[in-house]
Amino acid sequence: MSEIYTVKVRDCAKRSAEGERAKDITYTLQVPDDRYILHTGERQGVELPFLCRNGACTTCAVRVLSGEIYQPEAIGLSPELRKKGYALLCVSYARSDLEVETQDEDEVYELQFGRFFAKGKIRKGLPLDED
């Protein structure tokens, strides 16, 4: 029999018409320890951000505020970001009661990949030109 944990998700990725992050939307989920948090939330009628469902992008990224999460398949997060408390809900399991906060996808993407892109020299021509 699996353990059931309470997962509170503060959905800060939602934005108002003025572009302000919503801080007062919190969902409370009951999540079995053998089910992904995102999938369980969907089954409970909660719409959270996602895209790939494979742990490869950062659309479903959260910051763990309290509790323990297990995410062995989160290939879209570096070990450094995991140590800083980031997780991907699409491939994360609760290992205790949790409180997490959704993140702006662009912020997490920049933390993860921003240091690598647009850092090289610009050259004219098509990418396949040999000259």
# chains A, B, ... in the order shown; residues from 1 in each chain; ligands from 1
>>> closest_atom_pairs(of="segment 23-57 of chain A", to="segment 61-64 of chain A", cutoff="12 Å", atoms="only C-alpha atoms", output="JSON lines")
{"residue": "A:Ile37", "atom": "CA", "partner": "A:Val62", "partner_atom": "CA", "distance": 11.2}
{"residue": "A:Leu38", "atom": "CA", "partner": "A:Ala61", "partner_atom": "CA", "distance": 10.5}
{"residue": "A:Leu48", "atom": "CA", "partner": "A:Ala61", "partner_atom": "CA", "distance": 10.1}
{"residue": "A:Pro49", "atom": "CA", "partner": "A:Ala61", "partner_atom": "CA", "distance": 8.4}
{"residue": "A:Phe50", "atom": "CA", "partner": "A:Ala61", "partner_atom": "CA", "distance": 8.4}
{"residue": "A:Leu51", "atom": "CA", "partner": "A:Ala61", "partner_atom": "CA", "distance": 10.6}
{"residue": "A:Cys52", "atom": "CA", "partner": "A:Ala61", "partner_atom": "CA", "distance": 11.7}
{"residue": "A:Arg53", "atom": "CA", "partner": "A:Ala61", "partner_atom": "CA", "distance": 11.3}
{"residue": "A:Gly55", "atom": "CA", "partner": "A:Ala61", "partner_atom": "CA", "distance": 9.3}
{"residue": "A:Ala56", "atom": "CA", "partner": "A:Ala61", "partner_atom": "CA", "distance": 10.5}
{"residue": "A:Cys57", "atom": "CA", "partner": "A:Ala61", "partner_atom": "CA", "distance": 8.5}
>>> atom_distance(atom1="atom CA of Leu81 of chain A", atom2="atom CA of Tyr109 of chain A")
10.7 Å
>>> residues_around(residues="segment 96-107 of chain A", least_positions_apart="6", cutoff="7 Å", atoms="only C-alpha atoms", output="MDAnalysis selection string")
chainID A and resid 5:13 58:59 61:68
>>> select_by_dssp(residues="segment 12-80 of chain A", states="strand (DSSP E or B)", output="JSON, numbers by chain")
{"A": [15, 21, 26, 27, 28, 29, 30, 31, 32, 61, 62, 63, 64, 65, 66, 69, 70]}
>>> write_last_selection(atoms="C-alpha atoms", output="short mmCIF file (atom, residue, chain, number, x, y, z; two decimals), in the first residue's frame")
data_model
loop_
_atom_site.label_atom_id
_atom_site.label_comp_id
_atom_site.auth_asym_id
_atom_site.auth_seq_id
_atom_site.Cartn_x
_atom_site.Cartn_y
_atom_site.Cartn_z
CA ARG A 15 -0.29 36.25 -14.32
CA ARG A 21 2.36 37.14 -10.67
CA THR A 26 -2.74 27.58 -3.67
CA TYR A 27 -3.87 24.08 -4.56
CA THR A 28 -3.84 21.25 -2.03
CA LEU A 29 -3.36 17.77 -3.48
CA GLN A 30 -3.36 14.30 -1.97
CA VAL A 31 -0.55 12.51 -3.79
CA PRO A 32 0.37 8.80 -3.50
CA ALA A 61 9.39 23.70 -12.74
CA VAL A 62 8.74 24.42 -9.09
CA ARG A 63 10.81 25.57 -6.14
CA VAL A 64 10.48 23.23 -3.17
CA LEU A 65 9.73 25.36 -0.11
CA SER A 66 9.44 22.47 2.35
CA ILE A 69 10.79 15.29 -3.39
CA TYR A 70 12.23 12.46 -5.51
#
>>> select_by_dssp(residues="segment 77-110 of chain A", states="helix (DSSP H, G or I)", output="list in words")
Pro79, Glu80, Leu81, Arg82, Lys83, Leu89, Cys90, Val91, Glu105, Asp106, Glu107, Val108, Tyr109 and Glu110 of chain A
>>> atom_distance(atom1="atom CA of Arg95 of chain A", atom2="atom CA of Glu3 of chain A")
8.6 Å
>>> residues_around(residues="Arg82 of chain A", least_positions_apart="5", cutoff="10 Å", atoms="only C-alpha atoms", output="list of chain:residue names")
A:Arg63, A:Val64, A:Gln71, A:Ala74, A:Leu77, A:Ala87, A:Leu88
>>> closest_residue(among="A:Phe113, A:Ile4, A:Gly76, A:Glu42", to="Val91 of chain A", atoms="only C-alpha atoms")
A:Gly76
>>> atom_distance(atom1="atom CA of Glu73 of chain A", atom2="atom CA of Ile25 of chain A")
27.6 Å
>>> closest_residue(among="A:Cys60, A:Leu89, A:Ile75, A:Val108", to="Arg35 of chain A", atoms="only C-alpha atoms")
A:Leu89
